[in-house]
Amino acid sequence: MSRAHTHPMVPAKQAVPSVGPQDAVVDLANVTIAYQRHPAVHHLIGSVRRGSLTALVGPNGAGKSSLLKAIAGLLPLNGGRIEIADRAGLAFLPQVTEVDRSFPMTVSEVVDLGHWRRIGAFRRLSDDMRERSRGALADVGLRGFDDRPISSLSVGQFQRVLFARLIAADASLILLDEPFNAVDQRTTRDLMALIATWHRSGRTVIAALHDLDFVRANFPECLLLAREPIAWGRTSEVLTEANLATARHLADDWQSDAEICAA
Amino acid sequence: MFHDLLIGPFADYAFMRRALVAVLAVGIIAGPLGVFLQLRRMSLMGDALAHAILPGVAAGFFLFGLDLWAMSLGGLIACLVVALLSGAVARMTSLKEDTSLAALYLVSLALGVLIVSLKGSPRDLLHILFGSLLSIGQDGLILVVTTAALSLLVFALIYRTLVVECFDPAFLRSVGGRGALAHMAFLVLVVINLVAAIQALGTLMAVGLMILPAAAARFWVRSVGAMVVLGSALALLAGLLGLLASYHLDLPPGPAIVLLAGCAYLLSVCLGRVGGLAQRLFPGRHLQH
C-alpha cells in the first residue's frame, strides 16, 4: 500500500509504516504543501493507522503545523492527495497563540463549541450536550469554572479548556498543534494523561511536538519531518542521531533561488 | 416642559419624525456591526471604508446631481472596490495593512472633495460629508429602513458562526463551520450599512455610530451578546438625543449624534466596570480568593 519515497538528498530512508487500507485513518499520497512556492512539506507518502498515537517532530519550519492544518482541511495542497476515512470525526487543536484569549467568552461557551458538528450554526444545545461539556471540564480538572471569562485564565488553564472542548467533540481523529507550548509542567502531565486515555479508547491522535525526550517517553510512533519526511515508524527507530542530523541539515536549507522540483 | 423637550419636536414636525425613524434604523444595526468590527480588530478598517465611500458618492453627484440612488450606488461601488483592494494590497505587497488603509483613505478624501467642488457648492459638499438628516425624503427613508431590516435578519443568521470565526477560526473550519462565508457576509453588511447611512449622517460620520457605541459597550459587559444589545441601545440613544439636541440648539444633526456617542464612549472609558480608568486607578481592597 505505502512505499518509501526516495530523494537524492535523504540517505537511508526508513520505510513508512505499512498499513492495510481498512486500517488507515489518514492516507497521505505524495502530499506537497507550499508556502510562497517553497515547499513546507514535500512529497509525503504514508498512512496513519487507526488508533495510533503519533508524534510529529522536526526543527522549526519543518512543516509540522502545515501538515496538521492540511490534514484538517485548512490549507490547500499543491500536489498529491489526503484521504481521511471519517472527516466528521476529526477535531483540530490550534496552537494556543492562534486563538484570541482576550475574547469575551466564558469557559462553558468555549467547551460547548465542541458540539459544533451536531448543532452547527442554528440548532440548540441539548441537556445531554451540556452534561457532556460539564463532564469534560471535570475531566481536565476545571470543575466549577463554567462561568469564568476565559480572559481570566492562565495559559495552562486555557489549554485545559481547549482540551475539554476536544472531549466534548468526541472526535475519533484528534490533531494537536504544539499542545504543550507555554504550558506549565503539571498541566503538561495532566493533559498527556488525557491523551493516553484517548489512545487506550481507540482514538487516533497526531501531535506536533518539540521535546524529543518527552516524545520518546510518551509516543509509540513518530514522524520526523524536515520539509520532507526523514523517517516514520516506531519512535525508537525514528529518533536516531543520524536521522536528527539529516533533519537539521534539511531544515536550514532554504534557497531563495531554488529550482522547480521535478519529482 | 418634558413634552416640549422630548415629544413636541416630533409631534409638530413631519421632518423630525422622518429623521427619527432614519436615525433609529441606522443605529439599531450599527451597534452590533461595530461590536464585531471591534472584536475582529477592524475598527480602523471600518473607518477607511467609510472614507472610501466619498469619491463614489462624489462621482454620483458629479454625474447626476443630488440624486439619492446615483450617489448610493457610487458609494457602494467605491466601498466594495476599496474593501477588495486593501485586502489585496496587504496580501500581495510588503506594505502592512494599516499603512495601505491610511493611504487609501487619504487619497479617497482628497479625490472626493475635489470631485464635489468641481461641480457643486460648499453647501453640497457639507451635505455629502455630514449628511442631511433633517431633509431626508421618502426614498431615503425606504432605503435606510429596508437596509436595516434585511441586515438584522442576515446578522441573526450569521451570528453564531461569526462569533466563533472571531475567536478560533481554525477550529471552526476543522469542524465544518462556514467561517469565511460569515466573514464575507459581515463585510458586505458593513459596506451596505455605511452607504445607507450616508443620507442620515454623511460619509464622514456614518461609521461613528458603529465604532463609538460598540467601543463604549465593551467597558460595561463581558459577553458578546450583551455587547451587541448594549451597543445597539447606546447607538439608538445617541441618535435620539443627538437629534433633539440638534433641534433645540440648532446644531447640524450628524455631528451632534456622533459627538453624543463620543461622550458615551468617554464616560465609559473613565467609569466602565470592565477595565475602565476608575477601576484601574481605584481597584478597591483585594479579594480573598
# chains A, B, ... in the order shown; residues from 1 in each chain; ligands from 1
call {"tool": "residues_around", "arguments": {"residues": "Asp27 (chain A)", "least_positions_apart": "6", "cutoff": "9 Å", "atoms": "only C-alpha atoms", "output": "ChimeraX atom specification"}}
result
/A:21,45-49,81-85
call {"tool": "write_last_selection", "arguments": {"atoms": "C-alpha atoms", "output": "CSV table (one decimal), in the first residue's frame"}}
result
chain,number,residue,atom,x,y,z
A,21,PRO,CA,-6.3,0.0,3.5
A,45,ILE,CA,3.7,9.4,1.4
A,46,GLY,CA,2.3,7.1,4.1
A,47,SER,CA,-0.7,6.3,6.3
A,48,VAL,CA,-1.8,6.9,9.9
A,49,ARG,CA,-3.1,3.7,11.4
A,81,ARG,CA,-4.0,13.8,-2.0
A,82,ILE,CA,-5.0,13.4,1.6
A,83,GLU,CA,-7.7,10.8,2.2
A,84,ILE,CA,-9.5,10.9,5.6
A,85,ALA,CA,-11.6,7.9,6.5
call {"tool": "residues_around", "arguments": {"residues": "Ser246 (chain B)", "least_positions_apart": "6", "cutoff": "8 Å", "atoms": "only C-alpha atoms", "output": "number ranges by chain"}}
result
B: 252-253, 256
call {"tool": "closest_residue", "arguments": {"among": "B:Leu267, B:Ala278, B:Leu49, B:Leu187", "to": "Cys79 (chain B)", "atoms": "only C-alpha atoms"}}
result
B:Leu49
call {"tool": "closest_atom_pairs", "arguments": {"of": "chain A", "to": "chain B", "cutoff": "8 Å", "atoms": "only C-alpha atoms", "output": "CSV"}}
result
residue,atom,partner,partner_atom,distance
A:Ala72,CA,B:Ser174,CA,5.4
A:Gly73,CA,B:Ser174,CA,6.5
A:Leu74,CA,B:Arg173,CA,6.8
A:Ala88,CA,B:Val175,CA,7.3
A:Leu90,CA,B:Val175,CA,7.0
A:Ala91,CA,B:Ser174,CA,6.3
A:Phe92,CA,B:Phe171,CA,5.9
A:Leu93,CA,B:Phe171,CA,6.6
A:Pro94,CA,B:Ala170,CA,6.6
A:Glu98,CA,B:Asp168,CA,7.4
A:Val99,CA,B:Asp168,CA,5.2
A:Asp100,CA,B:Phe167,CA,5.4
A:Arg101,CA,B:Phe167,CA,8.0
A:Phe103,CA,B:Phe167,CA,6.3
A:Pro104,CA,B:Ser223,CA,5.1
A:Met105,CA,B:Ser223,CA,5.8
A:Thr106,CA,B:Ser223,CA,7.8
A:Trp116,CA,B:Val175,CA,6.9
A:Arg117,CA,B:Val175,CA,6.1
A:Gly120,CA,B:Gly177,CA,7.1
A:Ala121,CA,B:Arg160,CA,5.8
A:Phe122,CA,B:Arg160,CA,7.7
A:Pro149,CA,B:Arg222,CA,7.6
call {"tool": "select_by_dssp", "arguments": {"residues": "region 47-257 of chain A", "states": "alpha helix (DSSP H)", "output": "VMD selection string"}}
result
chain A and resid 64 to 71 107 to 112 116 to 119 127 to 139 155 to 169 185 to 200 212 to 218 235 to 238 241 to 251
call {"tool": "residues_around", "arguments": {"residues": "Asp177 (chain A)", "least_positions_apart": "4", "cutoff": "12 Å", "atoms": "only C-alpha atoms", "output": "mmCIF file with N, CA, C and O atoms, in the first residue's frame"}}
result
data_model
loop_
_atom_site.group_PDB
_atom_site.id
_atom_site.type_symbol
_atom_site.label_atom_id
_atom_site.label_comp_id
_atom_site.auth_asym_id
_atom_site.auth_seq_id
_atom_site.Cartn_x
_atom_site.Cartn_y
_atom_site.Cartn_z
ATOM 1 N N ALA A 55 3.663 11.116 17.191
ATOM 2 C CA ALA A 55 4.243 12.441 17.384
ATOM 3 C C ALA A 55 4.798 12.924 16.055
ATOM 4 O O ALA A 55 5.352 12.150 15.282
ATOM 5 N N LEU A 56 4.618 14.216 15.816
ATOM 6 C CA LEU A 56 5.123 14.831 14.605
ATOM 7 C C LEU A 56 6.250 15.743 15.060
ATOM 8 O O LEU A 56 6.007 16.727 15.748
ATOM 9 N N VAL A 57 7.496 15.386 14.742
ATOM 10 C CA VAL A 57 8.607 16.198 15.233
ATOM 11 C C VAL A 57 9.492 16.671 14.077
ATOM 12 O O VAL A 57 9.432 16.130 12.975
ATOM 13 N N GLY A 63 7.529 22.150 8.847
ATOM 14 C CA GLY A 63 6.255 21.886 8.179
ATOM 15 C C GLY A 63 5.271 21.097 9.033
ATOM 16 O O GLY A 63 4.260 20.617 8.525
ATOM 17 N N LYS A 64 5.542 20.972 10.332
ATOM 18 C CA LYS A 64 4.657 20.188 11.202
ATOM 19 C C LYS A 64 3.249 20.796 11.226
ATOM 20 O O LYS A 64 2.258 20.115 11.020
ATOM 21 N N SER A 65 3.238 22.112 11.508
ATOM 22 C CA SER A 65 1.963 22.813 11.581
ATOM 23 C C SER A 65 1.235 22.776 10.239
ATOM 24 O O SER A 65 0.021 22.542 10.189
ATOM 25 N N SER A 66 1.993 22.982 9.163
ATOM 26 C CA SER A 66 1.377 22.971 7.826
ATOM 27 C C SER A 66 0.733 21.624 7.543
ATOM 28 O O SER A 66 -0.374 21.557 7.003
ATOM 29 N N LEU A 67 1.431 20.552 7.914
ATOM 30 C CA LEU A 67 0.891 19.220 7.636
ATOM 31 C C LEU A 67 -0.404 18.992 8.424
ATOM 32 O O LEU A 67 -1.403 18.526 7.869
ATOM 33 N N LEU A 68 -0.394 19.352 9.721
ATOM 34 C CA LEU A 68 -1.608 19.166 10.525
ATOM 35 C C LEU A 68 -2.767 19.966 9.948
ATOM 36 O O LEU A 68 -3.894 19.481 9.847
ATOM 37 N N LYS A 69 -2.463 21.225 9.551
ATOM 38 C CA LYS A 69 -3.537 22.068 9.004
ATOM 39 C C LYS A 69 -4.053 21.510 7.683
ATOM 40 O O LYS A 69 -5.249 21.593 7.400
ATOM 41 N N ALA A 70 -3.146 20.942 6.891
ATOM 42 C CA ALA A 70 -3.588 20.367 5.615
ATOM 43 C C ALA A 70 -4.489 19.164 5.867
ATOM 44 O O ALA A 70 -5.516 18.986 5.213
ATOM 45 N N ILE A 71 -4.118 18.341 6.858
ATOM 46 C CA ILE A 71 -4.960 17.179 7.176
ATOM 47 C C ILE A 71 -6.326 17.656 7.672
ATOM 48 O O ILE A 71 -7.367 17.100 7.340
ATOM 49 N N ALA A 72 -6.326 18.752 8.448
ATOM 50 C CA ALA A 72 -7.590 19.281 8.970
ATOM 51 C C ALA A 72 -8.387 20.014 7.898
ATOM 52 O O ALA A 72 -9.496 20.479 8.165
ATOM 53 N N ALA A 91 -11.047 16.427 14.835
ATOM 54 C CA ALA A 91 -11.020 17.666 15.614
ATOM 55 C C ALA A 91 -9.596 18.185 15.658
ATOM 56 O O ALA A 91 -8.644 17.409 15.748
ATOM 57 N N PHE A 92 -9.441 19.478 15.579
ATOM 58 C CA PHE A 92 -8.133 20.105 15.468
ATOM 59 C C PHE A 92 -7.923 21.073 16.627
ATOM 60 O O PHE A 92 -8.808 21.873 16.944
ATOM 61 N N LEU A 93 -6.772 20.995 17.265
ATOM 62 C CA LEU A 93 -6.425 21.950 18.316
ATOM 63 C C LEU A 93 -5.358 22.897 17.768
ATOM 64 O O LEU A 93 -4.222 22.488 17.568
ATOM 65 N N PRO A 94 -5.712 24.167 17.517
ATOM 66 C CA PRO A 94 -4.704 25.109 17.002
ATOM 67 C C PRO A 94 -3.671 25.432 18.087
ATOM 68 O O PRO A 94 -3.916 25.182 19.270
ATOM 69 N N GLN A 95 -2.537 26.001 17.666
ATOM 70 C CA GLN A 95 -1.581 26.496 18.658
ATOM 71 C C GLN A 95 -2.267 27.556 19.495
ATOM 72 O O GLN A 95 -3.067 28.337 18.986
ATOM 73 N N VAL A 96 -1.924 27.582 20.768
ATOM 74 C CA VAL A 96 -2.663 28.445 21.690
ATOM 75 C C VAL A 96 -2.504 29.922 21.291
ATOM 76 O O VAL A 96 -3.381 30.748 21.525
ATOM 77 N N THR A 97 -1.411 30.257 20.606
ATOM 78 C CA THR A 97 -1.193 31.646 20.186
ATOM 79 C C THR A 97 -2.122 32.057 19.046
ATOM 80 O O THR A 97 -2.269 33.239 18.759
ATOM 81 N N GLU A 98 -2.740 31.085 18.378
ATOM 82 C CA GLU A 98 -3.615 31.420 17.248
ATOM 83 C C GLU A 98 -5.060 31.650 17.676
ATOM 84 O O GLU A 98 -5.921 31.961 16.865
ATOM 85 N N GLN A 159 -5.456 26.109 28.041
ATOM 86 C CA GLN A 159 -5.212 24.910 27.239
ATOM 87 C C GLN A 159 -6.073 23.753 27.753
ATOM 88 O O GLN A 159 -6.571 22.947 26.963
ATOM 89 N N LEU A 162 -9.414 24.119 26.167
ATOM 90 C CA LEU A 162 -9.434 23.668 24.774
ATOM 91 C C LEU A 162 -9.429 22.139 24.692
ATOM 92 O O LEU A 162 -10.035 21.554 23.793
ATOM 93 N N PHE A 163 -8.768 21.484 25.650
ATOM 94 C CA PHE A 163 -8.815 20.013 25.691
ATOM 95 C C PHE A 163 -10.226 19.539 26.046
ATOM 96 O O PHE A 163 -10.711 18.554 25.505
ATOM 97 N N ASN A 181 3.087 23.939 24.301
ATOM 98 C CA ASN A 181 3.841 25.197 24.247
ATOM 99 C C ASN A 181 3.343 26.156 25.314
ATOM 100 O O ASN A 181 2.159 26.378 25.453
ATOM 101 N N VAL A 205 -4.519 9.798 17.474
ATOM 102 C CA VAL A 205 -4.014 11.109 17.870
ATOM 103 C C VAL A 205 -2.711 11.407 17.124
ATOM 104 O O VAL A 205 -1.814 10.554 17.068
ATOM 105 N N ILE A 206 -2.618 12.595 16.528
ATOM 106 C CA ILE A 206 -1.363 13.065 15.941
ATOM 107 C C ILE A 206 -1.035 14.403 16.589
ATOM 108 O O ILE A 206 -1.866 15.314 16.582
ATOM 109 N N ALA A 207 0.176 14.518 17.157
ATOM 110 C CA ALA A 207 0.527 15.748 17.861
ATOM 111 C C ALA A 207 1.865 16.277 17.379
ATOM 112 O O ALA A 207 2.847 15.528 17.323
ATOM 113 N N ALA A 208 1.908 17.567 17.017
ATOM 114 C CA ALA A 208 3.186 18.215 16.696
ATOM 115 C C ALA A 208 3.859 18.596 18.005
ATOM 116 O O ALA A 208 3.242 19.219 18.867
ATOM 117 N N LEU A 209 5.126 18.192 18.177
ATOM 118 C CA LEU A 209 5.806 18.399 19.452
ATOM 119 C C LEU A 209 7.264 18.796 19.240
ATOM 120 O O LEU A 209 7.839 18.569 18.177
ATOM 121 N N HIS A 210 7.858 19.388 20.302
ATOM 122 C CA HIS A 210 9.250 19.819 20.240
ATOM 123 C C HIS A 210 10.190 18.932 21.049
ATOM 124 O O HIS A 210 11.290 18.623 20.637
ATOM 125 N N ALA B 170 -9.548 28.560 13.010
ATOM 126 C CA ALA B 170 -9.017 27.270 12.552
ATOM 127 C C ALA B 170 -9.890 26.124 13.057
ATOM 128 O O ALA B 170 -10.238 25.215 12.315
ATOM 129 N N PHE B 171 -10.261 26.186 14.357
ATOM 130 C CA PHE B 171 -11.114 25.130 14.900
ATOM 131 C C PHE B 171 -12.442 25.083 14.153
ATOM 132 O O PHE B 171 -12.922 24.025 13.767
#
call {"tool": "closest_residue", "arguments": {"among": "A:Gly144, A:Gly89, A:Gly114, A:Pro76", "to": "Thr204 (chain A)", "atoms": "only C-alpha atoms"}}
result
A:Gly89
call {"tool": "atom_distance", "arguments": {"atom1": "CA of Trp220 (chain B)", "atom2": "CA of Leu189 (chain B)"}}
result
25.5 Å
call {"tool": "atom_distance", "arguments": {"atom1": "CA of Ala180 (chain B)", "atom2": "CA of Gln157 (chain A)"}}
result
28.8 Å
